[in-house]
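Chemist: Take a look at the following structure, please.
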8 protein chains.
Amino acid sequence: MNPESLKKLLGSVKKGRLSVQKAMQLLKGLPFKDMGFARVDTHRALRKGFPEVVFCPGKTPVQICKIMAEVLEHCECVMASRADREIHEAVLARIPDCTYHETARVITADRRRRFRKRGLVTVCCAGTADIPVAEEARVTAEFMGAKTETVYDAGVAGIHRLLYDTDRIQRAKCVVAVAGMEGALPSVVGGIASVPVIAVPTSIGYGASFGGIAPLLTMLNSCAPGVVVVNIDNGFTAGYTAALINNAGRQQ
Amino acid sequence: MNPESLKKLLGSVKKGRLSVQKAMQLLKGLPFKDMGFARVDTHRALRKGFPEVVFCPGKTPVQICKIMAEVLEHCECVMASRADREIHEAVLARIPDCTYHETARVITADRRRRFRKRGLVTVCCAGTADIPVAEEARVTAEFMGAKTETVYDAGVAGIHRLLYDTDRIQRAKCVVAVAGMEGALPSVVGGIASVPVIAVPTSIGYGASFGGIAPLLTMLNSCAPGVVVVNIDNGFTAGYTAALINNAGRQQ
Amino acid sequence: MNPESLKKLLGSVKKGRLSVQKAMQLLKGLPFKDMGFARVDTHRALRKGFPEVVFCPGKTPVQICKIMAEVLEHCECVMASRADREIHEAVLARIPDCTYHETARVITADRRRRFRKRGLVTVCCAGTADIPVAEEARVTAEFMGAKTETVYDAGVAGIHRLLYDTDRIQRAKCVVAVAGMEGALPSVVGGIASVPVIAVPTSIGYGASFGGIAPLLTMLNSCAPGVVVVNIDNGFTAGYTAALINNAGRQQ
Amino acid sequence: MNPESLKKLLGSVKKGRLSVQKAMQLLKGLPFKDMGFARVDTHRALRKGFPEVVFCPGKTPVQICKIMAEVLEHCECVMASRADREIHEAVLARIPDCTYHETARVITADRRRRFRKRGLVTVCCAGTADIPVAEEARVTAEFMGAKTETVYDAGVAGIHRLLYDTDRIQRAKCVVAVAGMEGALPSVVGGIASVPVIAVPTSIGYGASFGGIAPLLTMLNSCAPGVVVVNIDNGFTAGYTAALINNAGRQQ
Amino acid sequence: MNPESLKKLLGSVKKGRLSVQKAMQLLKGLPFKDMGFARVDTHRALRKGFPEVVFCPGKTPVQICKIMAEVLEHCECVMASRADREIHEAVLARIPDCTYHETARVITADRRRRFRKRGLVTVCCAGTADIPVAEEARVTAEFMGAKTETVYDAGVAGIHRLLYDTDRIQRAKCVVAVAGMEGALPSVVGGIASVPVIAVPTSIGYGASFGGIAPLLTMLNSCAPGVVVVNIDNGFTAGYTAALINNAGRQQ
Amino acid sequence: MNPESLKKLLGSVKKGRLSVQKAMQLLKGLPFKDMGFARVDTHRALRKGFPEVVFCPGKTPVQICKIMAEVLEHCECVMASRADREIHEAVLARIPDCTYHETARVITADRRRRFRKRGLVTVCCAGTADIPVAEEARVTAEFMGAKTETVYDAGVAGIHRLLYDTDRIQRAKCVVAVAGMEGALPSVVGGIASVPVIAVPTSIGYGASFGGIAPLLTMLNSCAPGVVVVNIDNGFTAGYTAALINNAGRQQ
Amino acid sequence: MNPESLKKLLGSVKKGRLSVQKAMQLLKGLPFKDMGFARVDTHRALRKGFPEVVFCPGKTPVQICKIMAEVLEHCECVMASRADREIHEAVLARIPDCTYHETARVITADRRRRFRKRGLVTVCCAGTADIPVAEEARVTAEFMGAKTETVYDAGVAGIHRLLYDTDRIQRAKCVVAVAGMEGALPSVVGGIASVPVIAVPTSIGYGASFGGIAPLLTMLNSCAPGVVVVNIDNGFTAGYTAALINNAGRQQ
Amino acid sequence: MNPESLKKLLGSVKKGRLSVQKAMQLLKGLPFKDMGFARVDTHRALRKGFPEVVFCPGKTPVQICKIMAEVLEHCECVMASRADREIHEAVLARIPDCTYHETARVITADRRRRFRKRGLVTVCCAGTADIPVAEEARVTAEFMGAKTETVYDAGVAGIHRLLYDTDRIQRAKCVVAVAGMEGALPSVVGGIASVPVIAVPTSIGYGASFGGIAPLLTMLNSCAPGVVVVNIDNGFTAGYTAALINNAGRQQ
């Protein structure tokens with residue numbers, strides 16, 4: 001609420017064109033639903049263009065069901081991340097039309113009528129074991145309206161496996177590059193792509209990979225410009241931001 | 001070079017439509033200029049849409065001048081980052097039309113004729129001491145064709161100073177949020193903006209800020225979706241990526 | 001025992017007003033009960049205004065029961081922290097009037113007659129998963145005589161959820177702010193409150209949160225004055241110190 | 001601004017009792033002075049009971065003078081921390097009645113008429129080299145209205161040097177305990193005091209003290225309840241918070 | 001593909017001596033088999049002199065079987081590392097002539113006809129608990145054609161146990177030295193051997209060994225020249241590289 | 001074997017006073033028994049005054065039994081550390097006169113005839129949970145011939161519980177001080193004792209104790225002279241070294 | 001002051017055999033001299049058998065002179081560690097009979113009449129650059145009454161250089177082993193010596209030695225029993241403790 | 001000295017074929033020259049095939065000159081690493097035929113008559129600023145008898161600059177790959193080369209490169225087999241070991 005709109009609002013109250021009740025709602029900030037254990041940000045869809053996503057760890061299946069149902073009352077779609085099988089079963093009982101993306105550990109419920117995917121987000125990963133994180137990114141980006149393609153198991157130790165798919169990287173509006181161990185993939189991808197590359201370190205590795213610190217540092221120090229980084233194993237933020245970038249053109 | 005184009009190229013050679021000489025050049029990969037101490041990526045402008053940027057630390061003023069001059073022979077503009085006064089003087093002697101952005105420590109030379117800035121990248125920072133890093137991001141983004149606005153010294157301990165400029169954040173196509181010490185600014189900005197937020201930790205602080213590790217971890221763990229992170233003090237990558245996102249719409 | 005009181009005491013011994021036996025007790029320092037496996041500080045209630053609290057991890061249920069019973073012989077109340085269900089059952093068998101605060105993992109037994117809560121400690125937390133630590137703080141503060149209010153699930157990524165309860169923060173004599181992940185909540189609370197804010201980092205998070213190091217560093221580097229920090233997940237010390245501050249006015 | 005006061009304010013606007021101009025000011029949040037390089041929080045004195053303190057590192061002497069002068073136009077006193085001799089000389093030229101606390105590296109200017117110090121904050125430190133940090137805490141607490149006493153060079157390796165001053169610790173309303181090296185002082189002080197102890201780790205030490213990490217961890221892990229911690233070398237926050245606690249009784 | 005060979009290849013296409021089809025294959029880089037979940041580098045044996053080794057963690061038994069079978073179609077041998085009993089049983093069902101090296105956790109299948117081991121790689125380890133990692137190195141080196149000898153449980157705290165086998169160390173073409181805890185073995189071995197020493201830190205130890213960081217740092221800082229280091233517990237790379245060095249003479 | 005004795009030995013061989021066989025044995029260094037999986041240092045008792053101690057982790061019960069039996073063939077006593085119940089049962093079957101020190105997790109078998117304990121090693125610990133490590137130190141010291149006394153649960157937060165036993169600390173020939181959490185005990189003990197203090201950090205604690213790093217750093221940075229440190233939870237080395245110091249007087 | 005002596009003292013007061021004044025002095029704990037900037041522990045010589053040592057860093061030359069002079073009024077000798085040339089010159093002006101041990105950076109003044117060195121402390125170091133720390137240990141031990149011998153530049157990469165001096169190691173009552181880089185020396189020495197080995201890590205090294213962390217971890221993880229560790233570069237504590245151990249026999 | 005040779009030697013002494021004097025020399029181990037501040041390993045050339053190299057840091061120019069001169073009396077060549085200009089000048093005065101390799105910071109003196117370089121070690125580096133470390137490796141390898149070639153400034157962000165020189169990598173007997181920042185170069189090189197790759201992390205970078213930790217971890221976690229790692233900035237060990245591998249064939 002900037003000075004301009006504030007002046008206008010108060011003028012409307014003064015002139016009686018806007019009730020005190022309505023003005024209060026506008027001024028109190030964006031509303032939320034207080035469920036005791038959670039304050040569901042019901043209007044986030046308006047503010048951010050996408051409803052609140054439920055991060056499952058640390059919440060009980062019952063809490064997750066309640067929050068997802070609450071979101072679905074205000075939006076046409078809802079998504080929960082880091083959901084295991086048990087959570088899926090609980091949600092399924094309450095939201096029968098939900099879908100479980102097992103490798104990605106994501107639950108979605110989608111009742112959007114005129115939903116059309118656009119653009120292209122390409123998701124690469126370095127090894128077979130990085131696929132779950134890559135899939136979390138891919139499913140999130142798709143859910144937010146991006147078309148996606150994948151280049152999996154394309155680590156830099158056999159660089160021809162990556163260069164073979166240069167095309168898919170160069171056609172994308174944003175690339176997500178997922179890697180554990182030494183985490184060198186985003187640097188190489190960043191040298192090929194002309195769009196932003198979102199690097200996702202994974203906790204895959206052993207010894208001096210220190211649960212993902214090694215690839216995280218590699219990616220933060222990438223000498224390829226246009227490479228930005230998210231938290232270890234955070235496929236969700238990568239997919240979310242990739243979709244924001246992918247959709248940028250649409251908004252103009 | 002994907003299978004399609006490769007087949008076509010080889011067909012052209014076979015039919016004599018393409019000389020061996022020319023085909024070799026195309027197949028050998030993208031060319032570069034080997035200057036002994038540096039391999040200048042002269043065609044990067046074509047591949048990435050922007051010429052190679054010279055990162056000054058560890059290079060002598062003479063080397064920097066030679067590389068910048070080399071780039072200017074192939075492109076209409078060139079930029080050097082982390083340049084101190086001494087380097088600027090050396091460059092000025094060789095490239096008289098260059099500009100020194102002192103706070104940002106950036107040298108630019110710009111001979112582009114039809115260069116028009118578009119969109120909006122908003123650069124925020126938390127404290128006065130973070131301004132140099134913020135300026136590096138701003139100057140980079142401007143140089144790459146983005147219009148910019150700034151919201152400086154808007155730390156979260158006096159949140160009204162930030163909320164006052166909500167408008168500038170919500171109008172942007174991408175926001176850069178720079179902060180040292182506890183680095184909480186990007187999380188709050190991420191809750192307001194509906195576009196990607198590029199978080200830049202700075203080495204400003206003391207004690208347990210550990211030269212920027214504290215804000216780096218804060219930003220990587222941000223619970224606001226759409227927040228991606230770059231290396232400590234890396235205003236350049238932030239500005240570069242912000243401009244890529246800002247320009248995304250233009251390419252469609 | 002300062003010089004003044006020491007001189008007086010020795011004078012009393014000399015004049016025969018104080019027996020050697022009694023003087024010894026006074027001089028030997030504060031007494032304790034040696035139970036073999038533990039030295040119970042039975043007079044801590046006098047010295048610190050609150051009996052010793054039993055920290056359960058590393059002690060057997062039998063040991064915990066014995067210590068709690070011992071404390072109850074000298075004080076009207078006793079408290080045990082980090083107690084799981086099994087411990088509660090063992091304690092219940094020995095101290096039937098004890099209460100189990102399940103979310104907070106705290107056992108209390110309270111036989112104080114004229115116990116009246118005063119003042120106000122407000123406990124905030126950033127996410128649903130931080131509630132157990134917040135509850136440990138709240139139950140401890142209540143047990144030590146503070147009235148409490150809560151603002152739960154009020155993370156900075158949706159800052160309006162926190163600002164809505166500005167009132168509860170500004171009325172308190174001390175605020176406890178609990179957060180995992182990026183841990184930015186105390187900084188924002190510190191900008192609103194005019195009383196001390198006790199920041200509690202939690203081990204909630206993943207990847208680069210490193211079991212609570214990320215929010216710990218965030219809080220130590222807070223640029224909001226009046227923010228002090230306790231150990232990761234240490235709701236007890238936060239609640240204890242908040243109650244000390246809350247009670248400060250009473251002692252004058 | 002809570003719902004109650006908002007309703008009242010809008011009602012006043014509607015009834016014409018409050019001008020749009022005045023309501024805007026109230027609603028826009030707390031005002032600040034935008035000086036370009038800094039947004040001075042001019043009304044912090046009202047909100048927090050104490051004006052904004054200028055943290056000098058990263059600001060030029062000119063900027064510091066301008067900010068201090070700006071604050072003095074709105075408040076009767078101003079303080080700058082981490083100020084070296086050069087800064088003091090610059091400030092002296094502009095604010096002739098300022099005082100330089102050399103060991104504490106603090107500049108103050110104080111034009112308060114009815115300023116009376118109350119209560120007691122006792123500042124202890126473990127070694128001679130910790131005195132500058134201890135003094136920063138002491139000067140800050142004094143400036144905020146607390147009486148202070150000191151117990152310096154009282155490390156735990158000669159515990160009698162500390163126990164000798166038990167009295168000064170037990171009479172205080174809040175104790176600040178400053179220590180480098182192993183940082184054990186606050187634990188011992190915490191066992192003696194019945195009020196909150198604010199522990200300040202210092203960067204004094206060598207080898208495995210790692211610039212203050214060792215005493216920081218010691219203090220965070222203190223088994224004495226009532227011990228809270230601030231950043232390494234952060235005497236300012238310790239003194240500020242100690243004064244808040246000291247003043248708590250006054251406000252009732 | 002260097003300029004020389006490229007020119008020749010294009011000339012052949014021009015003259016019709018090489019079909020477009022064949023040239024494409026040669027130019028597209030080294031082929032691989034895309035199995036969906038993995039891109040098997042089938043021609044690695046030609047390029048690196050040894051087929052791709054399957055690293056089991058993060059892959060299902062079914063995936064491992066498929067990849068091993070695929071490799072066996074192109075090469076006469078295949079090896080899988082970090083394989084537990086369950087994986088061995090699955091592989092045995094598909095590749096009945098495979099062998100399980102239990103201590104080393106390695107599965108091999110070997111159909112090479114004229115396979116003769118040469119040279120000498122000596123594998124030392126400091127303690128009984130380091131033997132599994134040492135065995136992984138030994139089995140790998142043997143599989144790649146090196147003769148091996150072992151000196152196990154020869155820690156530096158009883159240096160005579162190592163010096164007794166000086167001979168085995170001095171006859172080798174490469175020595176692998178495996179150690180956990182303080183990791184001093186490679187330095188002492190490096191002072192005796194005149195060939196490269198490959199140091200392998202293990203995660204054996206407790207407390208300040210930090211899962212292998214202590215021996216890793218010891219080895220990186222070795223003052224004995226000729227000591228190079230691999231990742232914690234990485235017996236495979238040690239054995240692989242030792243075999244490369246052992247085989248070096250053969251290739252001349 | 002120094003030059004003097006070497007010259008003498010060779011002279012004896014030359015003169016035929018010493019057989020080649022015997023000289024070889026003397027020159028080959030101290031002998032050991034190679035059991036395949038372990039090289040048992042059978043003559044360590046002569047060299048170090050105490051037989052090799054079996055560190056159980058990473059060894060199978062069968063291996064442990066074999067090594068202990070082997071040692072008992074050369075010495076009158078043997079000891080195994082970090083032994084759980086299962087190991088004890090296996091050893092009991094083979095060495096029926098062995099003793100299991102459960103809290104200390106130590107197995108001993110002692111057939112020494114003229115074994116008399118002397119001197120005094122006092123073992124202190126800060127909390128109940130540190131007792132197992134303290135007991136490992138105490139049992140080791142006793143086994144090596146030292147009399148011992150204990151001061152358990154004497155943390156510095158209630159310093160009178162420690163000062164009460166000043167006497168036991170001042171009578172000892174060496175003090176072992178065991179502590180987790182903040183680890184301040186050895187510093188205070190070091191200020192009281194006039195003999196060496198061996199500090200043992202334990203992994204007891206949570207959050208920022210980081211598995212014992214916090215008390216380890218505290219102890220390394222102790223400002224009390226005469227404090228030396230061993231690895232986290234390493235009661236064995238503490239007890240072993242304390243006994244060496246305790247026995248020092250005996251040897252003169 | 002144990003219960004026995006306390007009872008006796010109070011009885012004496014009662015019977016008038018001890019004045020209140022004298023009893024106070026005895027009960028107040030050990031006296032100290034408060035110099036404002038330092039509390040000099042003047043009776044430490046009685047309590048610890050050695051006067052307080054002045055650690056110079058963080059103290060001005062004037063302060064150091066005053067403290068040393070103060071100590072000399074109560075004891076026959078005084079020592080200052082980490083003293084540079086400038087400090088020595090200041091001390092020399094005040095205490096003309098002081099001696100500067102330049103390599104060790106130690107100043108001593110010794111007026112003891114019947115001072116006779118005994119026993120043997122052997123000080124080893126791994127490299128030439130470690131000599132200053134080794135010398136600090138040696139000078140300290142000598143000052144405290146120990147005879148010393150040295151084995152310098154005897155790193156484990158040329159183990160024969162160490163084994164040559166086995167004799168000096170085996171004759172000592174305590175060995176100090178100083179090493180930077182990989183820090184393996186104490187483990188090897190610990191395998192040879194039958195007395196306690198005090199390991200001193202130094203900050204000598206580069207890269208992954210991390211200012212001494214690498215050798216510190218090596219030493220803490222030493223598998224040789226009888227090895228205890230002090231802080232990085234802390235030659236003083238090593239020499240002090242070695243002398244305590246060396247002197248142990250004398251006290252019996 | 002193995003049992004066989006020992007038996008033979010003693011037999012020779014017995015039979016008078018070997019003097020006690022000579023046998024002593026053989027048995028005492030390899031001799032060294034004790035210069036007081038250093039024990040020069042004069043026979044290392046025989047044992048390791050290369051004389052001791054002088055590591056300059058922490059030694060005075062005078063000490064360096066003396067050691068180099070001492071080595072030259074026993075060998076035909078000598079080398080000093082990490083030597084600055086001042087050291088070179090001192091050495092030049094004493095050894096007029098020495099050469100200073102400025103970028104590599106290496107001094108060599110070479111009087112070998114029949115010295116012929118063989119094989120091929122290829123040294124790659126990622127950026128211009130890594131050249132000094134790469135040169136240290138190259139000069140060392142050359143001095144030890146290896147031919148060398150270089151591929152400098154070939155970072156993975158412009159992978160074509162590296163692939164262009166695939167040939168130089170594939171012809172080598174060993175490759176040294178030097179990189180700072182993200183350190184991804186060795187992984188890509190390891191995928192191309194069929195010989196061992198020695199990875200050298202450099203301290204070039206900023207922020208989260210942490211003085212070389214980032215590339216060190218990257219390299220340790222490399223998924224390309226055949227990649228081994230040395231300490232940060234340790235060009236010497238890389239060049240030394242590369243030469244050992246390069247020379248391996250020669251010895252057969």
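So you can find residues: chains in the structure tokens are A, B, ... in the order shown, residues in each start at 1, and ligands are numbered from 1 in order.
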Residues within 8 Å of Ser209 in chain D, please, as a PyMOL selection string. Count only C-alpha atoms; anything in the same chain fewer than 5 positions from it doesn't count.
Modeler: (chain D and resi 180-182+203-204+214-215) or (chain F and resi 217+221)
Chemist: Store the residues picked out above in a file with N, CA, C and O atoms, as a PDB file, in the first residue's frame.
Modeler:
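Written output follows (result.pdb):
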```pdb
ATOM      1  N   GLY D 180      37.026 -13.922  26.829  1.00  0.00           N
ATOM      2  CA  GLY D 180      37.568 -14.544  25.620  1.00  0.00           C
ATOM      3  C   GLY D 180      38.094 -15.914  25.987  1.00  0.00           C
ATOM      4  O   GLY D 180      37.565 -16.558  26.872  1.00  0.00           O
ATOM      5  N   MET D 181      39.121 -16.377  25.300  1.00  0.00           N
ATOM      6  CA  MET D 181      39.737 -17.676  25.571  1.00  0.00           C
ATOM      7  C   MET D 181      38.691 -18.772  25.797  1.00  0.00           C
ATOM      8  O   MET D 181      37.920 -19.054  24.904  1.00  0.00           O
ATOM      9  N   GLU D 182      38.642 -19.381  26.994  1.00  0.00           N
ATOM     10  CA  GLU D 182      37.668 -20.459  27.157  1.00  0.00           C
ATOM     11  C   GLU D 182      36.278 -19.973  27.516  1.00  0.00           C
ATOM     12  O   GLU D 182      35.330 -20.737  27.448  1.00  0.00           O
ATOM     13  N   SER D 203      36.932 -11.860  21.022  1.00  0.00           N
ATOM     14  CA  SER D 203      37.850 -12.491  20.068  1.00  0.00           C
ATOM     15  C   SER D 203      39.260 -12.586  20.634  1.00  0.00           C
ATOM     16  O   SER D 203      40.198 -12.901  19.909  1.00  0.00           O
ATOM     17  N   ILE D 204      39.417 -12.327  21.935  1.00  0.00           N
ATOM     18  CA  ILE D 204      40.724 -12.424  22.583  1.00  0.00           C
ATOM     19  C   ILE D 204      41.091 -13.900  22.750  1.00  0.00           C
ATOM     20  O   ILE D 204      40.287 -14.692  23.230  1.00  0.00           O
ATOM     21  N   ALA D 214      35.325 -20.246  20.284  1.00  0.00           N
ATOM     22  CA  ALA D 214      35.405 -21.088  21.482  1.00  0.00           C
ATOM     23  C   ALA D 214      34.576 -20.515  22.624  1.00  0.00           C
ATOM     24  O   ALA D 214      33.698 -21.197  23.158  1.00  0.00           O
ATOM     25  N   PRO D 215      34.801 -19.245  23.036  1.00  0.00           N
ATOM     26  CA  PRO D 215      33.975 -18.737  24.147  1.00  0.00           C
ATOM     27  C   PRO D 215      32.499 -18.610  23.769  1.00  0.00           C
ATOM     28  O   PRO D 215      31.632 -18.771  24.621  1.00  0.00           O
TER      29      PRO D 215
ATOM     30  N   LEU F 217      36.899 -27.173  22.662  1.00  0.00           N
ATOM     31  CA  LEU F 217      37.505 -25.855  22.460  1.00  0.00           C
ATOM     32  C   LEU F 217      37.694 -25.140  23.793  1.00  0.00           C
ATOM     33  O   LEU F 217      38.723 -24.502  24.029  1.00  0.00           O
ATOM     34  N   ASN F 221      41.407 -23.926  25.203  1.00  0.00           N
ATOM     35  CA  ASN F 221      41.649 -22.515  25.448  1.00  0.00           C
ATOM     36  C   ASN F 221      41.739 -22.175  26.921  1.00  0.00           C
ATOM     37  O   ASN F 221      41.754 -20.996  27.271  1.00  0.00           O
TER      38      ASN F 221
END
```
Chemist: Find the spatial neighbours of range 232-242 of chain F, counting only C-alpha atoms, within a cut-off of 8 Å - ignore same-chain residues fewer than 6 positions away - and output them as number ranges by chain.
Modeler: E: 206-208; F: 81, 121, 133-141, 144, 174-176, 198-203, 212-213, 216; G: 196, 225-228
Chemist: Taking the backbone alone, and naming residues the way the document does, which bits of range 150-216 of chain H are helix (DSSP H, G or I) by DSSP, as number ranges by chain?
Modeler: H: 156-158, 160-163, 166-171, 185-192, 207-216
Chemist: For chain B, report every residue with an atom at most 7 Å from chain E (counting only C-alpha atoms), formatted as a PyMOL selection string.
Modeler: chain B and resi 6-7+10-11+13-14+16+20+24
Chemist: Got a sec: who's within 10 Å of Asp97 in chain C, counting only C-alpha atoms, leaving out chain neighbours fewer than 5 positions off, as a list in words?
Modeler: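 My list of contacting residues is Val91, Leu92, Thr108, Ala109, Asp110 and Arg111 of chain C.
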Chemist: Please save all heavy atoms of the selected residues as a PDB file, in the first residue's frame.
Modeler:
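Final file, part38.pdb:
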```
ATOM      1  N   VAL C  91       7.543 -41.077  36.744  1.00  0.00           N
ATOM      2  CA  VAL C  91       7.392 -39.994  37.715  1.00  0.00           C
ATOM      3  C   VAL C  91       5.980 -40.015  38.318  1.00  0.00           C
ATOM      4  O   VAL C  91       5.794 -39.836  39.528  1.00  0.00           O
ATOM      5  CB  VAL C  91       7.710 -38.627  37.074  1.00  0.00           C
ATOM      6  CG1 VAL C  91       7.374 -37.487  38.039  1.00  0.00           C
ATOM      7  CG2 VAL C  91       9.174 -38.556  36.660  1.00  0.00           C
ATOM      8  N   LEU C  92       4.999 -40.273  37.462  1.00  0.00           N
ATOM      9  CA  LEU C  92       3.594 -40.293  37.892  1.00  0.00           C
ATOM     10  C   LEU C  92       3.398 -41.315  39.019  1.00  0.00           C
ATOM     11  O   LEU C  92       2.626 -41.091  39.966  1.00  0.00           O
ATOM     12  CB  LEU C  92       2.701 -40.646  36.689  1.00  0.00           C
ATOM     13  CG  LEU C  92       1.207 -40.384  36.842  1.00  0.00           C
ATOM     14  CD1 LEU C  92       0.957 -38.890  37.069  1.00  0.00           C
ATOM     15  CD2 LEU C  92       0.456 -40.850  35.602  1.00  0.00           C
ATOM     16  N   THR C 108       5.793 -31.140  35.526  1.00  0.00           N
ATOM     17  CA  THR C 108       5.818 -30.228  36.675  1.00  0.00           C
ATOM     18  C   THR C 108       5.021 -30.825  37.829  1.00  0.00           C
ATOM     19  O   THR C 108       4.077 -31.586  37.622  1.00  0.00           O
ATOM     20  CB  THR C 108       5.210 -28.850  36.339  1.00  0.00           C
ATOM     21  OG1 THR C 108       3.878 -29.062  35.826  1.00  0.00           O
ATOM     22  CG2 THR C 108       6.021 -28.101  35.320  1.00  0.00           C
ATOM     23  N   ALA C 109       5.432 -30.473  39.039  1.00  0.00           N
ATOM     24  CA  ALA C 109       4.639 -30.775  40.233  1.00  0.00           C
ATOM     25  C   ALA C 109       4.614 -29.490  41.027  1.00  0.00           C
ATOM     26  O   ALA C 109       5.664 -28.901  41.290  1.00  0.00           O
ATOM     27  CB  ALA C 109       5.261 -31.904  41.036  1.00  0.00           C
ATOM     28  N   ASP C 110       3.426 -29.045  41.367  1.00  0.00           N
ATOM     29  CA  ASP C 110       3.293 -27.701  41.913  1.00  0.00           C
ATOM     30  C   ASP C 110       2.398 -27.720  43.152  1.00  0.00           C
ATOM     31  O   ASP C 110       1.212 -27.988  43.060  1.00  0.00           O
ATOM     32  CB  ASP C 110       2.698 -26.781  40.830  1.00  0.00           C
ATOM     33  CG  ASP C 110       2.964 -25.327  41.145  1.00  0.00           C
ATOM     34  OD1 ASP C 110       3.219 -25.012  42.322  1.00  0.00           O
ATOM     35  OD2 ASP C 110       2.949 -24.520  40.205  1.00  0.00           O
ATOM     36  N   ARG C 111       2.983 -27.489  44.312  1.00  0.00           N
ATOM     37  CA  ARG C 111       2.222 -27.481  45.564  1.00  0.00           C
ATOM     38  C   ARG C 111       2.283 -26.101  46.226  1.00  0.00           C
ATOM     39  O   ARG C 111       2.083 -25.958  47.435  1.00  0.00           O
ATOM     40  CB  ARG C 111       2.796 -28.545  46.510  1.00  0.00           C
ATOM     41  CG  ARG C 111       2.693 -29.946  45.921  1.00  0.00           C
ATOM     42  CD  ARG C 111       3.551 -30.955  46.656  1.00  0.00           C
ATOM     43  NE  ARG C 111       3.480 -32.245  45.970  1.00  0.00           N
ATOM     44  CZ  ARG C 111       4.190 -33.308  46.323  1.00  0.00           C
ATOM     45  NH1 ARG C 111       5.022 -33.248  47.343  1.00  0.00           N
ATOM     46  NH2 ARG C 111       4.069 -34.439  45.642  1.00  0.00           N
TER      47      ARG C 111
END
```
Chemist: Would you pick out the contacts of range 124-126 of chain G at 6 Å or less, using only C-alpha atoms, so that residues sharing its chain but fewer than 4 positions from it are not included, and give the list as a VMD selection string?
Modeler: chain G and resid 150 to 155 177 to 179
Chemist: Which value, in Å to one decimal, gives the distance between CA of Arg114 in chain C and CA of Glu76 in chain C?
Modeler: 10.7 Å
Chemist: Can you work out the spacing between CA of Thr60 in chain H and CA of Arg94 in chain H in Å, to one decimal?
Modeler: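 Computed distance, CA of Thr60 in chain H to CA of Arg94 in chain H, equals 14.3 Å.
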Chemist: Would you pick out the contacts of Leu220 in chain B at 6 Å or less, using only C-alpha atoms, so that residues sharing its chain but fewer than 2 positions from it are not included, and give the list as a PyMOL selection string?
Modeler: (chain A and resi 230-231) or (chain B and resi 217-218+222)
Chemist: Under the rule that only C-alpha atoms are counted, which of G:Met68, G:Ala224, G:Val62, G:Cys77 is the nearest residue to Phe143 in chain G?
Modeler: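 Selected residue with least distance to Phe143 in chain G: G:Cys77.
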Chemist: When you draw a straight line from CA of Glu142 in chain D to CA of Ala157 in chain F, how long is it in Å?
Modeler: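 Separating CA of Glu142 in chain D from CA of Ala157 in chain F is a distance of 28.4 Å.
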